[in-house]
Number of protein chains: 2
Amino acid sequence: MVIEFLDERSRQILYAVVQSYISKPDPVGSRFVTKKYSFGFSPATVRNIMADLEDLGFLSQPHTSAGRVPTDKGYRFYVDSIMGVREAGGFDSEWGDFVRQFAKKLENIRNDVNNMFWEVTNSLSMMSNYIGVVTPPRAEKTIFNRIDFIRYKEDKVVAILLTEEGVIKNKIIGVDPRLTQDDLNRIADYLNTEYSGQTIDEIKNLLVKKAYREKALWDKLIAKAIKIYEQAISFTEDDVYVSGLYDVMNLPDFSDISKIREISKAIKDKHIILKLLDELSDSEGVHVFIGKENPVEEMKNLSVVASTYKEKERPMGVIALIGPTRMDYSKAIYMVDTIAKCISRTFD
Amino acid sequence: MVIEFLDERSRQILYAVVQSYISKPDPVGSRFVTKKYSFGFSPATVRNIMADLEDLGFLSQPHTSAGRVPTDKGYRFYVDSIMGVREAGGFDSEWGDFVRQFAKKLENIRNDVNNMFWEVTNSLSMMSNYIGVVTPPRAEKTIFNRIDFIRYKEDKVVAILLTEEGVIKNKIIGVDPRLTQDDLNRIADYLNTEYSGQTIDEIKNLLVKKAYREKALWDKLIAKAIKIYEQAISFTEDDVYVSGLYDVMNLPDFSDISKIREISKAIKDKHIILKLLDELSDSEGVHVFIGKENPVEEMKNLSVVASTYKEKERPMGVIALIGPTRMDYSKAIYMVDTIAKCISRTFD
DNA sequence: TATTAGCACTCTCATGCTGAGAGTGCTAAT
DNA sequence: ATTAGCACTCTCAGCATGAGAGTGCTAATA
């Protein structure tokens, strides 16, 4: 991450503006900067530098004679420099305490994955006052543990799919009523002994290939197995956990009703969020999208801080914070990063 | 439901005010009433009557020289009279069409109960522009179909609980690692043959009694069965389905940010809603809470229209609409009632 | 006696004006 | 290269104004 040009002084002032604005959303003026952060310069000098920063696109003025406000580009510069510091290791925090508590809590609900993700999402949003988002492990990447079929009504069967991660999915599927429970068990046994330990995705491919290669010779039961399995794993409507709209309303950034509408709209449709976070699902580390950088139209006025969590080095899902561009990036990045690591550790 | 005193004229005018205000939230004045609804009276007469209605508590003025606005009591009177008409059968609607569509849709997702409830909630909120709420069948009232245990890891077992309604709950529980899968099957068999067809609640009681009565002689395995079963059915954190906050924001009633905060707060904590709707869960027909009538503090400025849905005459859960007191009660009541009936029919 | 026309009164809301406050940009001095 | 000084610009709160809407009361009317 290259911290572009900008001499020492300009940088200092840019940081001052960003930090001040993050902590209180008032446009910041030259006099204020010299007072609050005692560099050696006079307001006039600061004014000149600010004018330069504005020309370069890092700051902007709401109107002549208001102070300066950071632009998306300004935030970007700030964030890049934070990330630099962070990677150099000089980044530890007042929140260490809560993290320990959180980790303990996680351990307790490890078993109930659904519950666990809710807990994570809520904690995220409550602690940050931004919107917390967690995507569960993508079905295709989870590792198949076993499947079982339980007869339900005459022609209905409940398929229970267990993954190594402890995710359980179930679905009622219709089947040929002539299949006995014994048949169902045989099918389950076949799938379990043959495929346990591989990812859902791999299995899907293997089954398709197999069905194609041995088309003619195919045992009828196994043919059925494939069909049923395919029905059973079409669970894929991965849910997204989102929480914190209420808390976000208390931020001054959303004191305007139309802003709230905007953000509600953005998070209402979970597909939008999924679309955004999916792009990250194979990458590592913390990612930050600031305002316009956001690939999703609905979020051009918001910022997203996201990171993947992993199980044994395979990225599984994403956790993220969504907030105003005037976000406390330092805090958000720390939280997202730490919690992602917590989860990863819990999964191993 | 007694439509108290109030002579014909007063009633007409009250209805006029309520209806006008519901369709557009502007205080309604005497002149307007005489123009829009051509009764035979002059504005002056209407003014006198309005003054009376205000004394009686049915109307109020935002300030001298604004028009009148209905009070909670005013809405209550209006709603009671609607309900009267409805019971007399003279209440059918422009929404008959959508209802047919909706019923068809329901049939298709009958199998996936979770999905079905989401669908209902969303439809409710989308069609009404209010907040749709559905509570799933209360666990205790559902009928036990069968339970199964699947070994998961050394000391962990997944319990799968099926109810007659098609609700599936699953939970990972810890067990004595010495229990073999055979043992587990025996336990499941025992529970399934013994208790299938009774409600979760009844079974709980029976088990407790039995354990108490035959304490000493008790087969170890059955003792385990009880323990496991008790763990397995402690699923009871019944979820509530809520949707429509975004749509409600577009109502003029919530153009003020603090109003939105209020309503968000009210629906954020689902326990609040549960508390409210639980009171209805044994009753029949449509219930309306208007503003202050609401037993829950957080909803003193909102109205709730709710009805229970049933399976074979046993009330199962509640569906409801939450909106401003300035609600289109006629529409809301019709929707809630009809959809509740739809669901009941689907369950039979 | 019940209704209504007429009118004075009240309150809101949009508009426009004003002065204080904050912050800028430019110029000239250091 | 920096800074003091100053004129300029823009916002915002406060205040006055007048139009508009709607009321309550009184006196006239059917």
# chains A, B, ... in the order shown; residues from 1 in each chain; ligands from 1

$ interface_residues --of "chain C" --to "chain B" --cutoff "10 Å" --atoms "only C-alpha atoms (C1' of nucleotides)" --output "list in words"
DA2, DT3, DT4, DA5, DC9, DT10, DC11 and DT12 of chain C

$ write_last_selection --atoms "N, CA, C and O atoms (P, O5', C5', C4', C3', O3' and C1' of nucleotides)" --output "PDB file, in the first residue's frame"
ATOM      1  P    DA C   2     -83.499  22.497  20.336  1.00  0.00           P
ATOM      2  O5'  DA C   2     -83.056  22.323  18.818  1.00  0.00           O
ATOM      3  C5'  DA C   2     -84.000  21.824  17.861  1.00  0.00           C
ATOM      4  C4'  DA C   2     -83.493  22.163  16.486  1.00  0.00           C
ATOM      5  C3'  DA C   2     -82.002  21.891  16.279  1.00  0.00           C
ATOM      6  O3'  DA C   2     -81.813  21.392  14.963  1.00  0.00           O
ATOM      7  C1'  DA C   2     -82.437  24.175  15.910  1.00  0.00           C
ATOM      8  P    DT C   3     -80.383  21.067  14.384  1.00  0.00           P
ATOM      9  O5'  DT C   3     -80.101  22.337  13.498  1.00  0.00           O
ATOM     10  C5'  DT C   3     -80.835  22.486  12.289  1.00  0.00           C
ATOM     11  C4'  DT C   3     -80.504  23.821  11.675  1.00  0.00           C
ATOM     12  C3'  DT C   3     -79.103  23.927  11.087  1.00  0.00           C
ATOM     13  O3'  DT C   3     -79.233  24.141   9.700  1.00  0.00           O
ATOM     14  C1'  DT C   3     -79.692  25.876  12.310  1.00  0.00           C
ATOM     15  P    DT C   4     -77.950  24.110   8.767  1.00  0.00           P
ATOM     16  O5'  DT C   4     -77.582  25.655   8.716  1.00  0.00           O
ATOM     17  C5'  DT C   4     -78.544  26.566   8.214  1.00  0.00           C
ATOM     18  C4'  DT C   4     -78.035  27.982   8.355  1.00  0.00           C
ATOM     19  C3'  DT C   4     -76.600  28.197   7.849  1.00  0.00           C
ATOM     20  O3'  DT C   4     -76.579  29.388   7.107  1.00  0.00           O
ATOM     21  C1'  DT C   4     -76.829  29.076   9.999  1.00  0.00           C
ATOM     22  P    DA C   5     -75.758  29.424   5.761  1.00  0.00           P
ATOM     23  O5'  DA C   5     -75.461  30.982   5.687  1.00  0.00           O
ATOM     24  C5'  DA C   5     -76.519  31.899   5.953  1.00  0.00           C
ATOM     25  C4'  DA C   5     -75.962  33.176   6.561  1.00  0.00           C
ATOM     26  C3'  DA C   5     -74.624  33.633   5.981  1.00  0.00           C
ATOM     27  O3'  DA C   5     -74.719  35.033   5.755  1.00  0.00           O
ATOM     28  C1'  DA C   5     -74.443  33.421   8.340  1.00  0.00           C
ATOM     29  P    DC C   9     -61.341  41.040  17.645  1.00  0.00           P
ATOM     30  O5'  DC C   9     -60.723  39.590  17.836  1.00  0.00           O
ATOM     31  C5'  DC C   9     -61.495  38.570  18.466  1.00  0.00           C
ATOM     32  C4'  DC C   9     -60.753  37.258  18.364  1.00  0.00           C
ATOM     33  C3'  DC C   9     -59.232  37.384  18.463  1.00  0.00           C
ATOM     34  O3'  DC C   9     -58.775  36.561  19.514  1.00  0.00           O
ATOM     35  C1'  DC C   9     -59.854  36.027  16.620  1.00  0.00           C
ATOM     36  P    DT C  10     -57.228  36.626  19.890  1.00  0.00           P
ATOM     37  O5'  DT C  10     -56.757  35.205  19.381  1.00  0.00           O
ATOM     38  C5'  DT C  10     -57.581  34.058  19.614  1.00  0.00           C
ATOM     39  C4'  DT C  10     -56.915  32.862  18.965  1.00  0.00           C
ATOM     40  C3'  DT C  10     -55.396  32.842  19.115  1.00  0.00           C
ATOM     41  O3'  DT C  10     -55.026  31.534  19.463  1.00  0.00           O
ATOM     42  C1'  DT C  10     -55.995  32.667  16.835  1.00  0.00           C
ATOM     43  P    DC C  11     -53.624  31.288  20.131  1.00  0.00           P
ATOM     44  O5'  DC C  11     -52.917  30.468  18.969  1.00  0.00           O
ATOM     45  C5'  DC C  11     -53.500  29.234  18.532  1.00  0.00           C
ATOM     46  C4'  DC C  11     -52.928  28.896  17.181  1.00  0.00           C
ATOM     47  C3'  DC C  11     -51.412  29.011  17.107  1.00  0.00           C
ATOM     48  O3'  DC C  11     -50.849  27.719  16.930  1.00  0.00           O
ATOM     49  C1'  DC C  11     -52.493  29.951  15.199  1.00  0.00           C
ATOM     50  P    DT C  12     -49.306  27.551  16.641  1.00  0.00           P
ATOM     51  O5'  DT C  12     -49.309  27.432  15.059  1.00  0.00           O
ATOM     52  C5'  DT C  12     -50.087  26.402  14.446  1.00  0.00           C
ATOM     53  C4'  DT C  12     -49.864  26.418  12.950  1.00  0.00           C
ATOM     54  C3'  DT C  12     -48.401  26.259  12.537  1.00  0.00           C
ATOM     55  O3'  DT C  12     -48.357  25.329  11.479  1.00  0.00           O
ATOM     56  C1'  DT C  12     -49.287  28.230  11.594  1.00  0.00           C
TER      57       DT C  12
END

$ select_by_dssp --residues "region 66-195 of chain A" --states "alpha helix (DSSP H)" --output "PDB file with N, CA and C atoms, in the first residue's frame"
ATOM      1  N   ASP A  72     -13.894  11.001   0.155  1.00  0.00           N
ATOM      2  CA  ASP A  72     -13.611   9.562   0.155  1.00  0.00           C
ATOM      3  C   ASP A  72     -12.109   9.334  -0.017  1.00  0.00           C
ATOM      4  N   LYS A  73     -11.534  10.112  -0.909  1.00  0.00           N
ATOM      5  CA  LYS A  73     -10.103   9.972  -1.154  1.00  0.00           C
ATOM      6  C   LYS A  73      -9.298  10.300   0.103  1.00  0.00           C
ATOM      7  N   GLY A  74      -9.773  11.306   0.826  1.00  0.00           N
ATOM      8  CA  GLY A  74      -9.114  11.661   2.072  1.00  0.00           C
ATOM      9  C   GLY A  74      -9.147  10.513   3.068  1.00  0.00           C
ATOM     10  N   TYR A  75     -10.311   9.927   3.213  1.00  0.00           N
ATOM     11  CA  TYR A  75     -10.435   8.771   4.115  1.00  0.00           C
ATOM     12  C   TYR A  75      -9.524   7.640   3.654  1.00  0.00           C
ATOM     13  N   ARG A  76      -9.519   7.443   2.354  1.00  0.00           N
ATOM     14  CA  ARG A  76      -8.705   6.356   1.810  1.00  0.00           C
ATOM     15  C   ARG A  76      -7.241   6.518   2.223  1.00  0.00           C
ATOM     16  N   PHE A  77      -6.749   7.708   2.050  1.00  0.00           N
ATOM     17  CA  PHE A  77      -5.363   7.988   2.437  1.00  0.00           C
ATOM     18  C   PHE A  77      -5.145   7.670   3.914  1.00  0.00           C
ATOM     19  N   TYR A  78      -6.076   8.129   4.704  1.00  0.00           N
ATOM     20  CA  TYR A  78      -5.998   7.908   6.153  1.00  0.00           C
ATOM     21  C   TYR A  78      -5.992   6.422   6.468  1.00  0.00           C
ATOM     22  N   VAL A  79      -6.913   5.704   5.871  1.00  0.00           N
ATOM     23  CA  VAL A  79      -7.017   4.271   6.127  1.00  0.00           C
ATOM     24  C   VAL A  79      -5.749   3.543   5.708  1.00  0.00           C
ATOM     25  N   ASP A  80      -5.243   3.896   4.524  1.00  0.00           N
ATOM     26  CA  ASP A  80      -4.014   3.244   4.065  1.00  0.00           C
ATOM     27  C   ASP A  80      -2.905   3.423   5.089  1.00  0.00           C
ATOM     28  N   SER A  81      -2.834   4.611   5.631  1.00  0.00           N
ATOM     29  CA  SER A  81      -1.753   4.840   6.584  1.00  0.00           C
ATOM     30  C   SER A  81      -1.992   4.049   7.871  1.00  0.00           C
ATOM     31  N   ILE A  82      -3.242   3.951   8.292  1.00  0.00           N
ATOM     32  CA  ILE A  82      -3.551   3.101   9.451  1.00  0.00           C
ATOM     33  C   ILE A  82      -3.085   1.682   9.201  1.00  0.00           C
ATOM     34  N   MET A  83      -3.461   1.168   8.042  1.00  0.00           N
ATOM     35  CA  MET A  83      -3.136  -0.221   7.716  1.00  0.00           C
ATOM     36  C   MET A  83      -1.629  -0.419   7.764  1.00  0.00           C
ATOM     37  N   GLY A  84      -0.908   0.575   7.269  1.00  0.00           N
ATOM     38  CA  GLY A  84       0.549   0.516   7.333  1.00  0.00           C
ATOM     39  C   GLY A  84       1.014   0.330   8.769  1.00  0.00           C
ATOM     40  N   VAL A  85       0.547   1.202   9.624  1.00  0.00           N
ATOM     41  CA  VAL A  85       0.924   1.129  11.031  1.00  0.00           C
ATOM     42  C   VAL A  85       0.562  -0.223  11.618  1.00  0.00           C
ATOM     43  N   ARG A  86      -0.637  -0.673  11.271  1.00  0.00           N
ATOM     44  CA  ARG A  86      -1.120  -1.922  11.811  1.00  0.00           C
ATOM     45  C   ARG A  86      -0.194  -3.076  11.435  1.00  0.00           C
ATOM     46  N   GLU A  87       0.177  -3.122  10.141  1.00  0.00           N
ATOM     47  CA  GLU A  87       1.028  -4.214   9.707  1.00  0.00           C
ATOM     48  C   GLU A  87       2.387  -4.172  10.378  1.00  0.00           C
ATOM     49  N   GLY A  96      -8.910  -4.589  23.997  1.00  0.00           N
ATOM     50  CA  GLY A  96      -8.390  -5.918  24.294  1.00  0.00           C
ATOM     51  C   GLY A  96      -9.257  -6.660  25.293  1.00  0.00           C
ATOM     52  N   ASP A  97      -9.785  -5.931  26.211  1.00  0.00           N
ATOM     53  CA  ASP A  97     -10.595  -6.503  27.265  1.00  0.00           C
ATOM     54  C   ASP A  97     -11.825  -7.215  26.734  1.00  0.00           C
ATOM     55  N   PHE A  98     -12.585  -6.464  25.985  1.00  0.00           N
ATOM     56  CA  PHE A  98     -13.819  -7.025  25.468  1.00  0.00           C
ATOM     57  C   PHE A  98     -13.542  -8.249  24.613  1.00  0.00           C
ATOM     58  N   VAL A  99     -12.413  -8.233  23.925  1.00  0.00           N
ATOM     59  CA  VAL A  99     -12.106  -9.352  23.044  1.00  0.00           C
ATOM     60  C   VAL A  99     -11.997 -10.638  23.841  1.00  0.00           C
ATOM     61  N   ARG A 100     -11.346 -10.570  24.970  1.00  0.00           N
ATOM     62  CA  ARG A 100     -11.223 -11.775  25.793  1.00  0.00           C
ATOM     63  C   ARG A 100     -12.606 -12.284  26.214  1.00  0.00           C
ATOM     64  N   GLN A 101     -13.415 -11.373  26.670  1.00  0.00           N
ATOM     65  CA  GLN A 101     -14.784 -11.750  27.042  1.00  0.00           C
ATOM     66  C   GLN A 101     -15.508 -12.412  25.888  1.00  0.00           C
ATOM     67  N   PHE A 102     -15.364 -11.758  24.761  1.00  0.00           N
ATOM     68  CA  PHE A 102     -16.068 -12.229  23.578  1.00  0.00           C
ATOM     69  C   PHE A 102     -15.647 -13.648  23.213  1.00  0.00           C
ATOM     70  N   ALA A 103     -14.354 -13.874  23.250  1.00  0.00           N
ATOM     71  CA  ALA A 103     -13.822 -15.186  22.903  1.00  0.00           C
ATOM     72  C   ALA A 103     -14.411 -16.259  23.820  1.00  0.00           C
ATOM     73  N   LYS A 104     -14.543 -15.918  25.069  1.00  0.00           N
ATOM     74  CA  LYS A 104     -15.077 -16.880  26.027  1.00  0.00           C
ATOM     75  C   LYS A 104     -16.533 -17.217  25.686  1.00  0.00           C
ATOM     76  N   LYS A 105     -17.276 -16.172  25.421  1.00  0.00           N
ATOM     77  CA  LYS A 105     -18.681 -16.324  25.057  1.00  0.00           C
ATOM     78  C   LYS A 105     -18.822 -17.242  23.853  1.00  0.00           C
ATOM     79  N   LEU A 106     -17.991 -17.004  22.858  1.00  0.00           N
ATOM     80  CA  LEU A 106     -18.012 -17.809  21.637  1.00  0.00           C
ATOM     81  C   LEU A 106     -17.882 -19.288  21.967  1.00  0.00           C
ATOM     82  N   GLU A 107     -16.939 -19.594  22.797  1.00  0.00           N
ATOM     83  CA  GLU A 107     -16.648 -20.989  23.128  1.00  0.00           C
ATOM     84  C   GLU A 107     -17.908 -21.689  23.648  1.00  0.00           C
ATOM     85  N   ASN A 108     -18.688 -20.941  24.414  1.00  0.00           N
ATOM     86  CA  ASN A 108     -19.879 -21.525  25.029  1.00  0.00           C
ATOM     87  C   ASN A 108     -20.975 -21.899  24.041  1.00  0.00           C
ATOM     88  N   VAL A 113     -24.410 -23.303  15.852  1.00  0.00           N
ATOM     89  CA  VAL A 113     -23.777 -22.375  14.919  1.00  0.00           C
ATOM     90  C   VAL A 113     -24.663 -21.192  14.595  1.00  0.00           C
ATOM     91  N   ASN A 114     -25.922 -21.475  14.380  1.00  0.00           N
ATOM     92  CA  ASN A 114     -26.853 -20.412  14.048  1.00  0.00           C
ATOM     93  C   ASN A 114     -26.842 -19.342  15.137  1.00  0.00           C
ATOM     94  N   ASN A 115     -27.004 -19.812  16.335  1.00  0.00           N
ATOM     95  CA  ASN A 115     -26.976 -18.940  17.493  1.00  0.00           C
ATOM     96  C   ASN A 115     -25.660 -18.176  17.578  1.00  0.00           C
ATOM     97  N   MET A 116     -24.597 -18.882  17.337  1.00  0.00           N
ATOM     98  CA  MET A 116     -23.288 -18.265  17.423  1.00  0.00           C
ATOM     99  C   MET A 116     -23.163 -17.091  16.455  1.00  0.00           C
ATOM    100  N   PHE A 117     -23.623 -17.293  15.234  1.00  0.00           N
ATOM    101  CA  PHE A 117     -23.498 -16.209  14.270  1.00  0.00           C
ATOM    102  C   PHE A 117     -24.337 -15.008  14.669  1.00  0.00           C
ATOM    103  N   TRP A 118     -25.494 -15.280  15.238  1.00  0.00           N
ATOM    104  CA  TRP A 118     -26.298 -14.156  15.720  1.00  0.00           C
ATOM    105  C   TRP A 118     -25.564 -13.407  16.806  1.00  0.00           C
ATOM    106  N   GLU A 119     -24.973 -14.158  17.663  1.00  0.00           N
ATOM    107  CA  GLU A 119     -24.253 -13.543  18.770  1.00  0.00           C
ATOM    108  C   GLU A 119     -23.127 -12.652  18.234  1.00  0.00           C
ATOM    109  N   VAL A 120     -22.407 -13.178  17.277  1.00  0.00           N
ATOM    110  CA  VAL A 120     -21.311 -12.402  16.698  1.00  0.00           C
ATOM    111  C   VAL A 120     -21.834 -11.127  16.061  1.00  0.00           C
ATOM    112  N   THR A 121     -22.895 -11.278  15.289  1.00  0.00           N
ATOM    113  CA  THR A 121     -23.441 -10.113  14.601  1.00  0.00           C
ATOM    114  C   THR A 121     -23.893  -9.053  15.594  1.00  0.00           C
ATOM    115  N   ASN A 122     -24.605  -9.474  16.595  1.00  0.00           N
ATOM    116  CA  ASN A 122     -25.071  -8.515  17.588  1.00  0.00           C
ATOM    117  C   ASN A 122     -23.922  -7.858  18.333  1.00  0.00           C
ATOM    118  N   SER A 123     -22.954  -8.651  18.714  1.00  0.00           N
ATOM    119  CA  SER A 123     -21.822  -8.072  19.419  1.00  0.00           C
ATOM    120  C   SER A 123     -21.152  -7.027  18.544  1.00  0.00           C
ATOM    121  N   LEU A 124     -20.916  -7.397  17.323  1.00  0.00           N
ATOM    122  CA  LEU A 124     -20.286  -6.463  16.387  1.00  0.00           C
ATOM    123  C   LEU A 124     -21.018  -5.136  16.365  1.00  0.00           C
ATOM    124  N   SER A 125     -22.326  -5.203  16.164  1.00  0.00           N
ATOM    125  CA  SER A 125     -23.051  -3.952  15.988  1.00  0.00           C
ATOM    126  C   SER A 125     -23.138  -3.184  17.298  1.00  0.00           C
ATOM    127  N   MET A 126     -23.312  -3.904  18.384  1.00  0.00           N
ATOM    128  CA  MET A 126     -23.444  -3.204  19.649  1.00  0.00           C
ATOM    129  C   MET A 126     -22.150  -2.501  20.050  1.00  0.00           C
ATOM    130  N   MET A 127     -21.054  -3.172  19.830  1.00  0.00           N
ATOM    131  CA  MET A 127     -19.800  -2.600  20.275  1.00  0.00           C
ATOM    132  C   MET A 127     -19.343  -1.459  19.380  1.00  0.00           C
ATOM    133  N   SER A 128     -19.742  -1.522  18.138  1.00  0.00           N
ATOM    134  CA  SER A 128     -19.230  -0.515  17.217  1.00  0.00           C
ATOM    135  C   SER A 128     -20.222   0.601  16.946  1.00  0.00           C
ATOM    136  N   GLN A 181     -37.840 -47.377   4.279  1.00  0.00           N
ATOM    137  CA  GLN A 181     -36.835 -46.752   5.144  1.00  0.00           C
ATOM    138  C   GLN A 181     -35.493 -47.452   4.955  1.00  0.00           C
ATOM    139  N   ASP A 182     -35.543 -48.757   4.708  1.00  0.00           N
ATOM    140  CA  ASP A 182     -34.308 -49.493   4.440  1.00  0.00           C
ATOM    141  C   ASP A 182     -33.594 -48.944   3.204  1.00  0.00           C
ATOM    142  N   ASP A 183     -34.367 -48.730   2.174  1.00  0.00           N
ATOM    143  CA  ASP A 183     -33.778 -48.148   0.972  1.00  0.00           C
ATOM    144  C   ASP A 183     -33.106 -46.819   1.299  1.00  0.00           C
ATOM    145  N   LEU A 184     -33.829 -46.015   2.048  1.00  0.00           N
ATOM    146  CA  LEU A 184     -33.302 -44.696   2.394  1.00  0.00           C
ATOM    147  C   LEU A 184     -31.990 -44.835   3.157  1.00  0.00           C
ATOM    148  N   ASN A 185     -31.982 -45.780   4.078  1.00  0.00           N
ATOM    149  CA  ASN A 185     -30.756 -45.981   4.846  1.00  0.00           C
ATOM    150  C   ASN A 185     -29.607 -46.405   3.936  1.00  0.00           C
ATOM    151  N   ARG A 186     -29.913 -47.284   3.000  1.00  0.00           N
ATOM    152  CA  ARG A 186     -28.863 -47.727   2.076  1.00  0.00           C
ATOM    153  C   ARG A 186     -28.317 -46.538   1.296  1.00  0.00           C
ATOM    154  N   ILE A 187     -29.223 -45.716   0.858  1.00  0.00           N
ATOM    155  CA  ILE A 187     -28.779 -44.535   0.114  1.00  0.00           C
ATOM    156  C   ILE A 187     -27.890 -43.663   0.973  1.00  0.00           C
ATOM    157  N   ALA A 188     -28.334 -43.428   2.197  1.00  0.00           N
ATOM    158  CA  ALA A 188     -27.551 -42.596   3.097  1.00  0.00           C
ATOM    159  C   ALA A 188     -26.181 -43.220   3.341  1.00  0.00           C
ATOM    160  N   ASP A 189     -26.171 -44.530   3.613  1.00  0.00           N
ATOM    161  CA  ASP A 189     -24.908 -45.211   3.856  1.00  0.00           C
ATOM    162  C   ASP A 189     -23.957 -45.031   2.685  1.00  0.00           C
ATOM    163  N   TYR A 190     -24.506 -45.231   1.525  1.00  0.00           N
ATOM    164  CA  TYR A 190     -23.678 -45.096   0.333  1.00  0.00           C
ATOM    165  C   TYR A 190     -23.029 -43.718   0.279  1.00  0.00           C
ATOM    166  N   LEU A 191     -23.862 -42.689   0.436  1.00  0.00           N
ATOM    167  CA  LEU A 191     -23.332 -41.327   0.369  1.00  0.00           C
ATOM    168  C   LEU A 191     -22.330 -41.069   1.487  1.00  0.00           C
ATOM    169  N   ASN A 192     -22.645 -41.567   2.663  1.00  0.00           N
ATOM    170  CA  ASN A 192     -21.785 -41.268   3.812  1.00  0.00           C
ATOM    171  C   ASN A 192     -20.415 -41.929   3.714  1.00  0.00           C
ATOM    172  N   THR A 193     -20.405 -43.214   3.354  1.00  0.00           N
ATOM    173  CA  THR A 193     -19.100 -43.882   3.284  1.00  0.00           C
ATOM    174  C   THR A 193     -18.307 -43.376   2.088  1.00  0.00           C
ATOM    175  N   GLU A 194     -18.996 -43.084   1.028  1.00  0.00           N
ATOM    176  CA  GLU A 194     -18.295 -42.711  -0.193  1.00  0.00           C
ATOM    177  C   GLU A 194     -17.726 -41.284  -0.131  1.00  0.00           C
ATOM    178  N   TYR A 195     -18.473 -40.387   0.465  1.00  0.00           N
ATOM    179  CA  TYR A 195     -18.140 -38.976   0.261  1.00  0.00           C
ATOM    180  C   TYR A 195     -17.775 -38.180   1.511  1.00  0.00           C
TER     181      TYR A 195
END

$ closest_atom_pairs --of "chain D" --to "chain B" --cutoff "10 Å" --atoms "only C-alpha atoms (C1' of nucleotides)" --output "CSV"
residue,atom,partner,partner_atom,distance
D:DA21,C1',B:Ser65,CA,7.1
D:DG22,C1',B:Ser65,CA,4.5
D:DT23,C1',B:Ser65,CA,5.2
D:DG24,C1',B:Arg47,CA,8.8

$ write_last_selection --atoms "C-alpha atoms (C1' of nucleotides)" --output "PDB file, in the first residue's frame"
ATOM      1  C1'  DA D  21     -57.062  28.103   7.360  1.00  0.00           C
ATOM      2  C1'  DG D  22     -60.129  27.174  10.870  1.00  0.00           C
ATOM      3  C1'  DT D  23     -62.295  28.139  15.020  1.00  0.00           C
ATOM      4  C1'  DG D  24     -65.949  30.056  18.541  1.00  0.00           C
TER       5       DG D  24
END

$ residues_around --residues "region 14-20 of chain D" --least-positions-apart "5" --cutoff "10 Å" --atoms "only C-alpha atoms (C1' of nucleotides)" --output "JSON list (two decimals) with C-alpha atoms (C1' of nucleotides), in the first residue's frame"
[["chain", "number", "residue", "atom", "x", "y", "z"],
["C", 12, "DT", "C1'", -49.29, 28.23, 11.59],
["C", 13, "DC", "C1'", -46.33, 28.71, 7.93],
["C", 14, "DA", "C1'", -43.65, 30.68, 4.30],
["C", 15, "DT", "C1'", -40.95, 34.70, 3.29],
["C", 16, "DG", "C1'", -37.67, 38.10, 3.81],
["C", 17, "DC", "C1'", -34.54, 40.82, 6.53],
["C", 18, "DT", "C1'", -30.82, 41.46, 9.82],
["C", 19, "DG", "C1'", -26.65, 40.84, 12.51]]

$ atom_distance --atom1 "CA of Val288 (chain A)" --atom2 "CA of Tyr246 (chain B)"
26.4 Å

$ interface_residues --of "chain A" --to "chain B" --cutoff "10 Å" --atoms "only C-alpha atoms" --output "count of residues only"
47

$ atom_distance --atom1 "CA of Glu293 (chain B)" --atom2 "CA of Ser281 (chain B)"
17.8 Å

$ select_by_dssp --residues "region 54-192 of chain B" --states "strand (DSSP E)" --output "number ranges by chain"
B: 59-60, 69-70, 131-134, 144-153, 156-163, 168-174

$ residues_around --residues "DA27 (chain D)" --least-positions-apart "2" --cutoff "10 Å" --atoms "only C-alpha atoms (C1' of nucleotides)" --output "PyMOL selection string"
(chain C and resi 5-6) or (chain D and resi 25+29)

$ write_last_selection --atoms "C-alpha atoms (C1' of nucleotides)" --output "PDB file, in the first residue's frame"
ATOM      1  C1'  DA C   5     -74.443  33.421   8.340  1.00  0.00           C
ATOM      2  C1'  DG C   6     -71.161  36.607   9.683  1.00  0.00           C
TER       3       DG C   6
ATOM      4  C1'  DC D  25     -69.412  33.153  19.419  1.00  0.00           C
ATOM      5  C1'  DT D  29     -83.340  33.075  10.460  1.00  0.00           C
TER       6       DT D  29
END

$ atom_distance --atom1 "CA of Ile22 (chain A)" --atom2 "CA of Phe58 (chain A)"
14.7 Å
